[in-house]
Amino acid sequence: MSSPEEQALVWVARFASSYLAGKTLDNLFGRGGLVRQWFGRPIETARAAALQNTDDFGDCLAAQLQQREGIVDDDPAVAARVAAAMEDPDVLAVLCDAIRSAARTDSRERHELLARLVADRLLVDAGSPLALNASMACEAIRRLAPRHLRLLAVIVYVERWRGVRPSVEHAGDIEALDTLAKDMAMLLPASADRYDRMQMEAASCVAGMYSLGRRPMTKMLARACPSLEEDRMRRFCEEADIGQRLMQIWKNPLSVCILTTVGELLGIRALEQLLEVTVCLDGSHWEE
């Protein structure tokens, strides 16, 4: 079997012109080239980093299971589901997917989110919506950057503000807008564009909507707070810095996005993690 260097040489010779091939070969095999860097770098460095990442994920998972320990001890039905889950091949597959995803990143944010999803899967029946989508969400995370998780959280927040912050239903407009501003400062990524939407679509987290039937963002938010009129909400988005940033990101790329069940679950769990809240969605298919 040919060496990796020879295989790379064949690839370059087949697909590049003579000039580009010379440049590419120099980049690959010259002093400081990619091949020398790759094969000269100790494999143990990458292996050690992956092990450290999985150790960090293990700590996050232990913390999540410890938080749910009381639920299992107090409810025999939940305890029975957990016992059955421990013998379910799908649970093992979910855990393996989560470990592989965790090993590829040192992001504590993603490790904690993966741990939440694995804990979700352990506590519910195998055929439930939460079990099915927790499995799919563990696979989707490896295709998403942290900013994509935040964008999913923003969509859930706008569509379900009252479920995220129940107090806004009885708050005055100034208090509600102050809550919105603080939460958006925690959630909004620095920027977003249509390529982020395309990536979330590729990960099966959102679907594009090409109709005009969706309510404006300002109307969805104002509906959650009776004291907050839509005109007041619109002025906040036009005048406040954080409101302008929210409006800009919503218009491009979020306004045409519909959450899939996978994207909704990831958005909910990301919200809970980032804002340290429990999202209440009465009558939701996520209730167990």
# chains A, B, ... in the order shown; residues from 1 in each chain; ligands from 1
$ residues_around --residues "His111 in chain A" --least-positions-apart "4" --cutoff "12 Å" --atoms "only C-alpha atoms" --output "JSON list (two decimals) with N, CA and C atoms, in the first residue's frame"
[["chain", "number", "residue", "atom", "x", "y", "z"],
["A", 52, "GLN", "N", -9.11, 14.60, 27.62],
["A", 52, "GLN", "CA", -9.46, 15.69, 28.53],
["A", 52, "GLN", "C", -10.87, 16.19, 28.24],
["A", 53, "ASN", "N", -11.20, 16.28, 26.96],
["A", 53, "ASN", "CA", -12.55, 16.72, 26.59],
["A", 53, "ASN", "C", -13.61, 15.74, 27.09],
["A", 54, "THR", "N", -13.36, 14.44, 26.92],
["A", 54, "THR", "CA", -14.34, 13.46, 27.38],
["A", 54, "THR", "C", -14.42, 13.43, 28.90],
["A", 55, "ASP", "N", -13.30, 13.68, 29.58],
["A", 55, "ASP", "CA", -13.34, 13.76, 31.04],
["A", 55, "ASP", "C", -14.21, 14.92, 31.49],
["A", 56, "ASP", "N", -14.09, 16.05, 30.80],
["A", 56, "ASP", "CA", -14.91, 17.22, 31.14],
["A", 56, "ASP", "C", -16.38, 16.92, 30.89],
["A", 57, "PHE", "N", -16.68, 16.24, 29.78],
["A", 57, "PHE", "CA", -18.06, 15.84, 29.52],
["A", 57, "PHE", "C", -18.56, 14.90, 30.61],
["A", 58, "GLY", "N", -17.71, 13.98, 31.05],
["A", 58, "GLY", "CA", -18.10, 13.06, 32.11],
["A", 58, "GLY", "C", -18.46, 13.80, 33.40],
["A", 59, "ASP", "N", -17.71, 14.84, 33.72],
["A", 59, "ASP", "CA", -18.03, 15.65, 34.91],
["A", 59, "ASP", "C", -19.39, 16.32, 34.74],
["A", 60, "CYS", "N", -19.66, 16.84, 33.54],
["A", 60, "CYS", "CA", -20.94, 17.50, 33.28],
["A", 60, "CYS", "C", -22.10, 16.50, 33.38],
["A", 61, "LEU", "N", -21.89, 15.29, 32.84],
["A", 61, "LEU", "CA", -22.94, 14.28, 32.90],
["A", 61, "LEU", "C", -23.20, 13.85, 34.34],
["A", 62, "ALA", "N", -22.15, 13.67, 35.12],
["A", 62, "ALA", "CA", -22.32, 13.30, 36.53],
["A", 62, "ALA", "C", -23.13, 14.36, 37.27],
["A", 63, "ALA", "N", -22.85, 15.64, 36.98],
["A", 63, "ALA", "CA", -23.58, 16.72, 37.63],
["A", 63, "ALA", "C", -25.05, 16.70, 37.24],
["A", 64, "GLN", "N", -25.35, 16.44, 35.96],
["A", 64, "GLN", "CA", -26.73, 16.38, 35.51],
["A", 64, "GLN", "C", -27.49, 15.23, 36.15],
["A", 98, "ALA", "N", -22.64, 11.04, 22.07],
["A", 98, "ALA", "CA", -22.32, 12.20, 22.91],
["A", 98, "ALA", "C", -20.82, 12.24, 23.23],
["A", 99, "ILE", "N", -20.24, 11.09, 23.50],
["A", 99, "ILE", "CA", -18.80, 11.04, 23.82],
["A", 99, "ILE", "C", -17.98, 11.45, 22.60],
["A", 100, "ARG", "N", -18.36, 10.95, 21.42],
["A", 100, "ARG", "CA", -17.63, 11.32, 20.21],
["A", 100, "ARG", "C", -17.74, 12.82, 19.95],
["A", 101, "SER", "N", -18.94, 13.36, 20.13],
["A", 101, "SER", "CA", -19.11, 14.80, 19.93],
["A", 101, "SER", "C", -18.31, 15.59, 20.95],
["A", 102, "ALA", "N", -18.31, 15.15, 22.20],
["A", 102, "ALA", "CA", -17.59, 15.86, 23.26],
["A", 102, "ALA", "C", -16.09, 15.81, 23.03],
["A", 103, "ALA", "N", -15.58, 14.69, 22.52],
["A", 103, "ALA", "CA", -14.14, 14.53, 22.32],
["A", 103, "ALA", "C", -13.59, 15.52, 21.29],
["A", 104, "ARG", "N", -14.45, 16.01, 20.41],
["A", 104, "ARG", "CA", -13.99, 16.87, 19.31],
["A", 104, "ARG", "C", -13.91, 18.34, 19.69],
["A", 105, "THR", "N", -14.36, 18.70, 20.88],
["A", 105, "THR", "CA", -14.39, 20.11, 21.25],
["A", 105, "THR", "C", -14.05, 20.28, 22.73],
["A", 106, "ASP", "N", -13.43, 21.41, 23.05],
["A", 106, "ASP", "CA", -13.18, 21.72, 24.46],
["A", 106, "ASP", "C", -14.19, 22.73, 24.98],
["A", 107, "SER", "N", -15.30, 22.91, 24.24],
["A", 107, "SER", "CA", -16.33, 23.88, 24.63],
["A", 107, "SER", "C", -17.13, 23.33, 25.80],
["A", 115, "ALA", "N", -24.56, 16.67, 27.98],
["A", 115, "ALA", "CA", -24.90, 15.99, 29.23],
["A", 115, "ALA", "C", -26.39, 16.10, 29.54],
["A", 116, "ARG", "N", -26.98, 17.27, 29.29],
["A", 116, "ARG", "CA", -28.41, 17.43, 29.50],
["A", 116, "ARG", "C", -29.21, 16.49, 28.60],
["A", 117, "LEU", "N", -28.78, 16.35, 27.36],
["A", 117, "LEU", "CA", -29.50, 15.50, 26.41],
["A", 117, "LEU", "C", -29.41, 14.03, 26.80],
["A", 118, "VAL", "N", -28.24, 13.58, 27.24],
["A", 118, "VAL", "CA", -28.09, 12.19, 27.66],
["A", 118, "VAL", "C", -28.96, 11.94, 28.89],
["A", 138, "CYS", "N", -28.05, 14.84, 19.89],
["A", 138, "CYS", "CA", -26.65, 14.51, 20.18],
["A", 138, "CYS", "C", -25.84, 14.42, 18.90],
["A", 141, "ILE", "N", -25.34, 18.19, 17.33],
["A", 141, "ILE", "CA", -24.45, 19.14, 17.99],
["A", 141, "ILE", "C", -23.08, 19.20, 17.32],
["A", 142, "ARG", "N", -22.58, 18.07, 16.85],
["A", 142, "ARG", "CA", -21.25, 18.08, 16.24],
["A", 142, "ARG", "C", -21.22, 18.87, 14.94],
["A", 146, "PRO", "N", -21.07, 26.94, 18.61],
["A", 146, "PRO", "CA", -21.79, 27.53, 19.75],
["A", 146, "PRO", "C", -22.77, 28.63, 19.35],
["A", 270, "ALA", "N", -30.46, 24.78, 25.51],
["A", 270, "ALA", "CA", -29.46, 25.85, 25.49],
["A", 270, "ALA", "C", -29.94, 27.05, 26.31],
["A", 273, "GLN", "N", -29.62, 26.31, 29.97],
["A", 273, "GLN", "CA", -28.22, 26.33, 30.38],
["A", 273, "GLN", "C", -27.67, 27.75, 30.47]]
$ select_by_dssp --residues "range 46-139 of chain A" --states "alpha helix (DSSP H)" --output "PyMOL selection string"
chain A and resi 46-67+69-74+76-85+89-103+108-122+129-139
$ closest_residue --among "A:Arg68, A:Lys219, A:Arg108, A:Arg234" --to "Val158 in chain A" --atoms "only C-alpha atoms"
A:Lys219
$ atom_distance --atom1 "CA of Val168 in chain A" --atom2 "CA of Ile258 in chain A"
24.0 Å
$ residues_around --residues "Arg232 in chain A" --least-positions-apart "3" --cutoff "12 Å" --atoms "only C-alpha atoms" --output "list in words"
Gly172, Asp173, Ile174, Ala176, Leu177, Thr218, Lys219, Leu221, Ala222, Cys225, Pro226, Ser227, Leu228, Glu229, Arg235, Phe236, Cys237, Glu238, Glu239, Ala240 and Gly243 of chain A
$ write_last_selection --atoms "N, CA and C atoms" --output "JSON list (two decimals), in the first residue's frame"
[["chain", "number", "residue", "atom", "x", "y", "z"],
["A", 172, "GLY", "N", -44.66, 45.17, 34.26],
["A", 172, "GLY", "CA", -44.86, 46.40, 33.51],
["A", 172, "GLY", "C", -43.96, 46.42, 32.29],
["A", 173, "ASP", "N", -44.22, 47.36, 31.38],
["A", 173, "ASP", "CA", -43.47, 47.36, 30.14],
["A", 173, "ASP", "C", -41.98, 47.64, 30.36],
["A", 174, "ILE", "N", -41.65, 48.53, 31.30],
["A", 174, "ILE", "CA", -40.24, 48.85, 31.56],
["A", 174, "ILE", "C", -39.53, 47.63, 32.12],
["A", 176, "ALA", "N", -40.39, 44.48, 31.77],
["A", 176, "ALA", "CA", -40.33, 43.44, 30.74],
["A", 176, "ALA", "C", -39.20, 43.72, 29.76],
["A", 177, "LEU", "N", -39.07, 44.95, 29.32],
["A", 177, "LEU", "CA", -38.01, 45.29, 28.37],
["A", 177, "LEU", "C", -36.64, 45.18, 29.01],
["A", 218, "THR", "N", -41.80, 41.51, 16.79],
["A", 218, "THR", "CA", -42.30, 42.44, 17.80],
["A", 218, "THR", "C", -43.69, 42.03, 18.30],
["A", 219, "LYS", "N", -44.51, 41.50, 17.41],
["A", 219, "LYS", "CA", -45.85, 41.06, 17.81],
["A", 219, "LYS", "C", -45.76, 39.82, 18.69],
["A", 221, "LEU", "N", -43.33, 38.92, 20.71],
["A", 221, "LEU", "CA", -42.84, 39.31, 22.02],
["A", 221, "LEU", "C", -43.90, 40.09, 22.80],
["A", 222, "ALA", "N", -44.55, 41.04, 22.14],
["A", 222, "ALA", "CA", -45.54, 41.87, 22.83],
["A", 222, "ALA", "C", -46.72, 41.04, 23.31],
["A", 225, "CYS", "N", -46.62, 39.80, 26.99],
["A", 225, "CYS", "CA", -46.71, 40.75, 28.10],
["A", 225, "CYS", "C", -47.86, 41.72, 27.83],
["A", 226, "PRO", "N", -49.00, 41.57, 28.52],
["A", 226, "PRO", "CA", -50.17, 42.42, 28.26],
["A", 226, "PRO", "C", -49.90, 43.92, 28.39],
["A", 227, "SER", "N", -48.95, 44.29, 29.26],
["A", 227, "SER", "CA", -48.67, 45.72, 29.45],
["A", 227, "SER", "C", -47.77, 46.30, 28.37],
["A", 228, "LEU", "N", -47.25, 45.45, 27.50],
["A", 228, "LEU", "CA", -46.28, 45.89, 26.50],
["A", 228, "LEU", "C", -46.94, 45.96, 25.12],
["A", 229, "GLU", "N", -47.16, 47.14, 24.62],
["A", 229, "GLU", "CA", -47.77, 47.31, 23.31],
["A", 229, "GLU", "C", -46.73, 47.08, 22.21],
["A", 235, "ARG", "N", -40.26, 50.29, 19.11],
["A", 235, "ARG", "CA", -39.34, 51.39, 19.42],
["A", 235, "ARG", "C", -38.10, 50.88, 20.14],
["A", 236, "PHE", "N", -38.29, 49.90, 21.01],
["A", 236, "PHE", "CA", -37.14, 49.29, 21.70],
["A", 236, "PHE", "C", -36.18, 48.68, 20.68],
["A", 237, "CYS", "N", -36.71, 48.00, 19.68],
["A", 237, "CYS", "CA", -35.87, 47.35, 18.67],
["A", 237, "CYS", "C", -35.22, 48.37, 17.74],
["A", 238, "GLU", "N", -35.79, 49.55, 17.65],
["A", 238, "GLU", "CA", -35.22, 50.57, 16.77],
["A", 238, "GLU", "C", -34.23, 51.49, 17.48],
["A", 239, "GLU", "N", -34.40, 51.66, 18.81],
["A", 239, "GLU", "CA", -33.62, 52.67, 19.52],
["A", 239, "GLU", "C", -32.56, 52.08, 20.45],
["A", 240, "ALA", "N", -32.86, 51.01, 21.15],
["A", 240, "ALA", "CA", -31.89, 50.42, 22.08],
["A", 240, "ALA", "C", -30.84, 49.62, 21.31],
["A", 243, "GLY", "N", -31.65, 46.03, 21.28],
["A", 243, "GLY", "CA", -32.83, 45.83, 20.45],
["A", 243, "GLY", "C", -32.50, 45.86, 18.97]]
$ residues_around --residues "Arg160 in chain A" --least-positions-apart "5" --cutoff "12 Å" --atoms "only C-alpha atoms" --output "ChimeraX atom specification"
/A:153-155,165-166,168-169,217,220-225,264,267-268,271,279-282,284
$ write_last_selection --atoms "C-alpha atoms" --output "tab-separated table (two decimals), in the first residue's frame"
chain	number	residue	atom	x	y	z
A	153	ALA	CA	-32.18	29.55	21.82
A	154	VAL	CA	-33.12	33.02	20.53
A	155	ILE	CA	-35.86	31.56	18.31
A	165	ARG	CA	-39.87	34.10	31.77
A	166	PRO	CA	-43.37	33.53	33.24
A	168	VAL	CA	-43.39	38.92	32.12
A	169	GLU	CA	-47.12	38.14	31.96
A	217	MET	CA	-41.02	39.33	16.00
A	220	MET	CA	-44.74	37.67	19.18
A	221	LEU	CA	-42.84	39.31	22.02
A	222	ALA	CA	-45.54	41.87	22.83
A	223	ARG	CA	-48.19	39.15	22.98
A	224	ALA	CA	-46.42	37.58	25.98
A	225	CYS	CA	-46.71	40.75	28.10
A	264	GLU	CA	-36.60	23.18	19.41
A	267	GLY	CA	-32.94	25.65	21.77
A	268	ILE	CA	-34.81	24.85	24.99
A	271	LEU	CA	-31.80	28.47	26.99
A	279	VAL	CA	-38.49	26.49	30.39
A	280	CYS	CA	-42.19	25.90	31.06
A	281	LEU	CA	-44.14	24.86	27.97
A	282	ASP	CA	-47.57	23.76	29.20
A	284	SER	CA	-45.81	20.68	25.13
$ closest_residue --among "A:Glu69, A:Asp90, A:Glu276, A:Asp241" --to "Ala126 in chain A" --atoms "only C-alpha atoms"
A:Asp90
$ atom_distance --atom1 "CA of Leu65 in chain A" --atom2 "CA of Ser128 in chain A"
19.6 Å
$ atom_distance --atom1 "CA of Gly263 in chain A" --atom2 "CA of Asp196 in chain A"
13.4 Å
$ residues_around --residues "range 189-191 of chain A" --least-positions-apart "2" --cutoff "8 Å" --atoms "only C-alpha atoms" --output "list in words"
Arg147, Arg150, Leu151, Leu187, Asp193 and Ile249 of chain A
